[in-house]
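As structure tokens, the structure follows; a few thoughts come after it.
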Amino acid sequence: MIIPKAKRLQSLKEYYFSVKLAEIRQMQAESKPVINLGIGSPDLAPSQATIDELVSSANNPNNHAYQPYKGIPALRKAMADFYRDIYTVSLDPDTEILPLIGSKEGITHISLAFLDPEDEVLVPELGYPAYAAVSEMVGAEVIYYPLLENQNWQPDFEALNNMNLKKVKLMWLNYPNMPTGAKAERRTFEKLVAFAKEKKILLCHDNPYSLILNQEAPISLLSIEGAKEVALELNSMSKTHNMAGWRIGWLSGAKPYIDAVLTIKSNVDSGTFFPMQAAAVKAFQNPIAWHEARNAIYKQRREIAYQLLDALQCQYDRQQVGMFIWAKIPDNLRDAGELVDKLLYEKYVFITPGFIFGEKGSRYVRVSLCSKEEVLKEALSRVRQN
Ligand SMILES: Cc1ncc(COP(=O)(O)O)c(C=O)c1O
């Protein structure tokens, strides 16, 4: 390559799953029957009404043009209604909602809208890898704040207050948490809003898991009094509506923040295909029973995943929220990589090593519930065989 890459690529590595999935595909091409319990891509389908709407809308020749940068009004209204019904949060669909091409995309747009190269960003360790990767991509400095098991994986406010936060402009958080499965706690959110106001930090909360295997009422950070002054919240149809491949998410928050993100976004993409937006509106009409049926399937799968982790002598909390189980590996193993490689190369079963979510994950693994019961059972029987 005679043209050098941009400097930002010197520290940025290809996304772990992008590399690992290529290896798994290669193994499968060599007829090795790899079972992938790594990635959290729902295998279940969206509701039939959603798919029917997509098809009928795509058959209309008038529906193939560019769309508004901020999505069609009906979609923004459906998103605002979702916030009203699920979180009792009131949002103006015209000014406080911005549909996105998935929440992952939103992480980049938010970072471009609010971070300059000399700024610092608080990123949870453990956390979704894109927060740190994108911060680095825009030249900002990543400051990790710890989530500790003995504090229910909530932020350690004592540690936070002891940090030098002068240059911190933005803080990422995510509850229910991925990868730890920790639930959202209203008390944590209240403390975070007070902290952000005092330190003048923009809180960016990523909330894609609040309807998945959650025993408690889902919470939005925006439901905390005064939160809109300092907080934005990402949400997504990927997990709640089994629409991961569709790429539909959205950002909620006060108009000035939303407008800043829209300025970036309108220069980057040209909106989402109308039939997808119309179908998403239908998906938001899925009755509660549809969500319960999805969770009932995950719950059954989770029982087998527990047995799999028991067979591997891993320890885990049974109160986790979301579509994964986060588990601690036995003390006699060197690290999660040892267990993951052994499983992949000897049993052809892939689970995610915890270190991809931060160094503190080096003794943990994550098992996804996005495989059919019979697949999980096959993985279990392979693991049980000597
Ligand atoms: C915590 C978290 N945030 C964001 C995403 C990305 O979701 P989306 O499909 O909406 O881009 C994921 C996907 O796995 C996730 O786990």
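Chain identifiers are assigned as A, B, and so on, following the order in which chains appear in the structure tokens; residues are numbered from 1 within each chain, and ligands are numbered from 1 in order of appearance.
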Running DSSP on the backbone, which parts of segment 294-360 of chain A land in alpha helix (DSSP H), as a VMD selection string? chain A and resid 294 to 311 336 to 342
Using only C-alpha atoms, please write the residues we just selected to a file, as a tab-separated table (two decimals), in the first residue's frame.
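Result saved to selection03.tsv:
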```tsv
chain	number	residue	atom	x	y	z
A	294	ARG	CA	-40.03	-13.52	23.00
A	295	ASN	CA	-38.89	-13.41	26.59
A	296	ALA	CA	-40.43	-16.83	27.31
A	297	ILE	CA	-38.22	-18.27	24.55
A	298	TYR	CA	-35.10	-16.59	25.94
A	299	LYS	CA	-35.98	-17.84	29.39
A	300	GLN	CA	-36.12	-21.46	28.24
A	301	ARG	CA	-32.84	-21.06	26.41
A	302	ARG	CA	-31.29	-19.49	29.46
A	303	GLU	CA	-31.91	-22.68	31.47
A	304	ILE	CA	-29.77	-24.65	29.00
A	305	ALA	CA	-27.13	-21.92	28.96
A	306	TYR	CA	-26.99	-22.16	32.77
A	307	GLN	CA	-26.33	-25.91	32.45
A	308	LEU	CA	-23.61	-25.23	29.90
A	309	LEU	CA	-21.92	-22.79	32.25
A	310	ASP	CA	-22.33	-25.25	35.14
A	311	ALA	CA	-20.59	-27.90	33.03
A	336	ALA	CA	-11.01	-16.41	29.61
A	337	GLY	CA	-9.00	-16.73	26.39
A	338	GLU	CA	-7.82	-20.18	27.49
A	339	LEU	CA	-11.39	-21.39	28.03
A	340	VAL	CA	-12.73	-19.79	24.84
A	341	ASP	CA	-9.97	-21.24	22.64
A	342	LYS	CA	-10.27	-24.69	24.20
```
Neighbourhood of ligand 1 at 10 Å, counting only C-alpha atoms and all ligand atoms, reported as a PyMOL selection string: chain A and resi 39-42+100-107+127-131+173-179+205-209+234-240+242-250+322-324
Based on the backbone DSSP call, show me all residues of segment 57-163 of chain A assigned strand (DSSP E or B), as a PyMOL selection string. chain A and resi 97-100+120-125+141-147+155
Contacts of Thr263 of chain A at 12 Å (only C-alpha atoms; same-chain gap of 3+ positions) as a list in words: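 What passes the distance filter is Tyr69, Lys70, Leu98, His109, Ile110, Leu112, Ala113, Phe114, Pro256, Tyr257, Ile258, Asp259, Ala260, Ser266, Asn267, Val268 and Asp269 of chain A.
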Coordinates-based distance that separates atom CA of Leu221 of chain A from atom CA of Glu233 of chain A (Å, one decimal):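 Taking atom CA of Glu233 of chain A as the start and atom CA of Leu221 of chain A as the end point, the length is 7.1 Å.
Taking only C-alpha atoms into account, Ile329 of chain A lies nearest to A:Val365 out of the set A:Leu376, A:Val365, A:Leu170, A:Val349.
You can rank A:Asn36, A:Gln154, A:Ser381, A:Gln315 by their closest distance to Pro330 of chain A using only C-alpha atoms, and at the top of that list sits A:Gln315.
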Where does segment 263-289 of chain A meet segment 52-61 of chain A within 9 Å, residue by residue, with the nearest atom pair and distance in Å to one decimal for each, counting only C-alpha atoms, listed by chain and rising number, as CSV?
```
residue,atom,partner,partner_atom,distance
A:Phe274,CA,A:Ser57,CA,7.9
A:Pro275,CA,A:Ser57,CA,5.0
A:Met276,CA,A:Leu54,CA,5.9
A:Gln277,CA,A:Leu54,CA,8.4
A:Ala278,CA,A:Glu53,CA,6.9
A:Ala279,CA,A:Leu54,CA,5.0
A:Ala280,CA,A:Leu54,CA,8.5
A:Lys282,CA,A:Glu53,CA,7.2
```
I need the chosen residues saved as a compact mmCIF listing (two decimals), in the first residue's frame, with N, CA, C and O atoms.
```txt
# COMPACT_ATOMS: atom_id res chain seq x y z
N PHE A 274 -38.02 4.20 3.11
CA PHE A 274 -39.36 4.43 3.64
C PHE A 274 -40.06 3.14 4.11
O PHE A 274 -40.61 3.11 5.22
N PRO A 275 -40.07 2.06 3.30
CA PRO A 275 -40.78 0.86 3.76
C PRO A 275 -40.25 0.33 5.10
O PRO A 275 -41.01 -0.22 5.91
N MET A 276 -38.95 0.51 5.35
CA MET A 276 -38.41 0.07 6.65
C MET A 276 -38.96 0.93 7.77
O MET A 276 -39.26 0.44 8.86
N GLN A 277 -39.07 2.21 7.51
CA GLN A 277 -39.60 3.09 8.55
C GLN A 277 -41.08 2.78 8.80
O GLN A 277 -41.53 2.72 9.95
N ALA A 278 -41.82 2.55 7.72
CA ALA A 278 -43.25 2.24 7.87
C ALA A 278 -43.42 0.92 8.62
O ALA A 278 -44.30 0.78 9.49
N ALA A 279 -42.55 -0.05 8.31
CA ALA A 279 -42.63 -1.35 8.99
C ALA A 279 -42.25 -1.20 10.46
O ALA A 279 -42.83 -1.85 11.34
N ALA A 280 -41.27 -0.33 10.74
CA ALA A 280 -40.87 -0.11 12.15
C ALA A 280 -42.04 0.46 12.94
O ALA A 280 -42.26 0.11 14.10
N LYS A 282 -45.08 -0.21 12.46
CA LYS A 282 -45.92 -1.39 12.78
C LYS A 282 -45.34 -2.17 13.96
O LYS A 282 -46.06 -2.63 14.83
```
Please identify all polymer residues within 9 Å of Met27 of chain A, counting only C-alpha atoms, omitting same-chain residues fewer than 6 positions from it, and present them as a PDB file with N, CA and C atoms, in the first residue's frame.
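part-v4.pdb, freshly written:
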```pdb
ATOM      1  N   PRO A  33     -18.168 -28.064  12.428  1.00  0.00           N
ATOM      2  CA  PRO A  33     -19.532 -27.591  12.751  1.00  0.00           C
ATOM      3  C   PRO A  33     -19.563 -26.636  13.940  1.00  0.00           C
ATOM      4  N   VAL A  34     -19.038 -25.423  13.735  1.00  0.00           N
ATOM      5  CA  VAL A  34     -18.922 -24.489  14.863  1.00  0.00           C
ATOM      6  C   VAL A  34     -20.298 -23.940  15.262  1.00  0.00           C
ATOM      7  N   TYR A 348     -15.720 -27.049  19.121  1.00  0.00           N
ATOM      8  CA  TYR A 348     -16.372 -26.233  18.098  1.00  0.00           C
ATOM      9  C   TYR A 348     -17.557 -25.445  18.664  1.00  0.00           C
TER      10      TYR A 348
END
```
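Among the candidates A:Tyr66, A:Phe195, A:Phe273, A:Phe355, the one nearest to Phe157 of chain A when counting only C-alpha atoms is A:Phe195.
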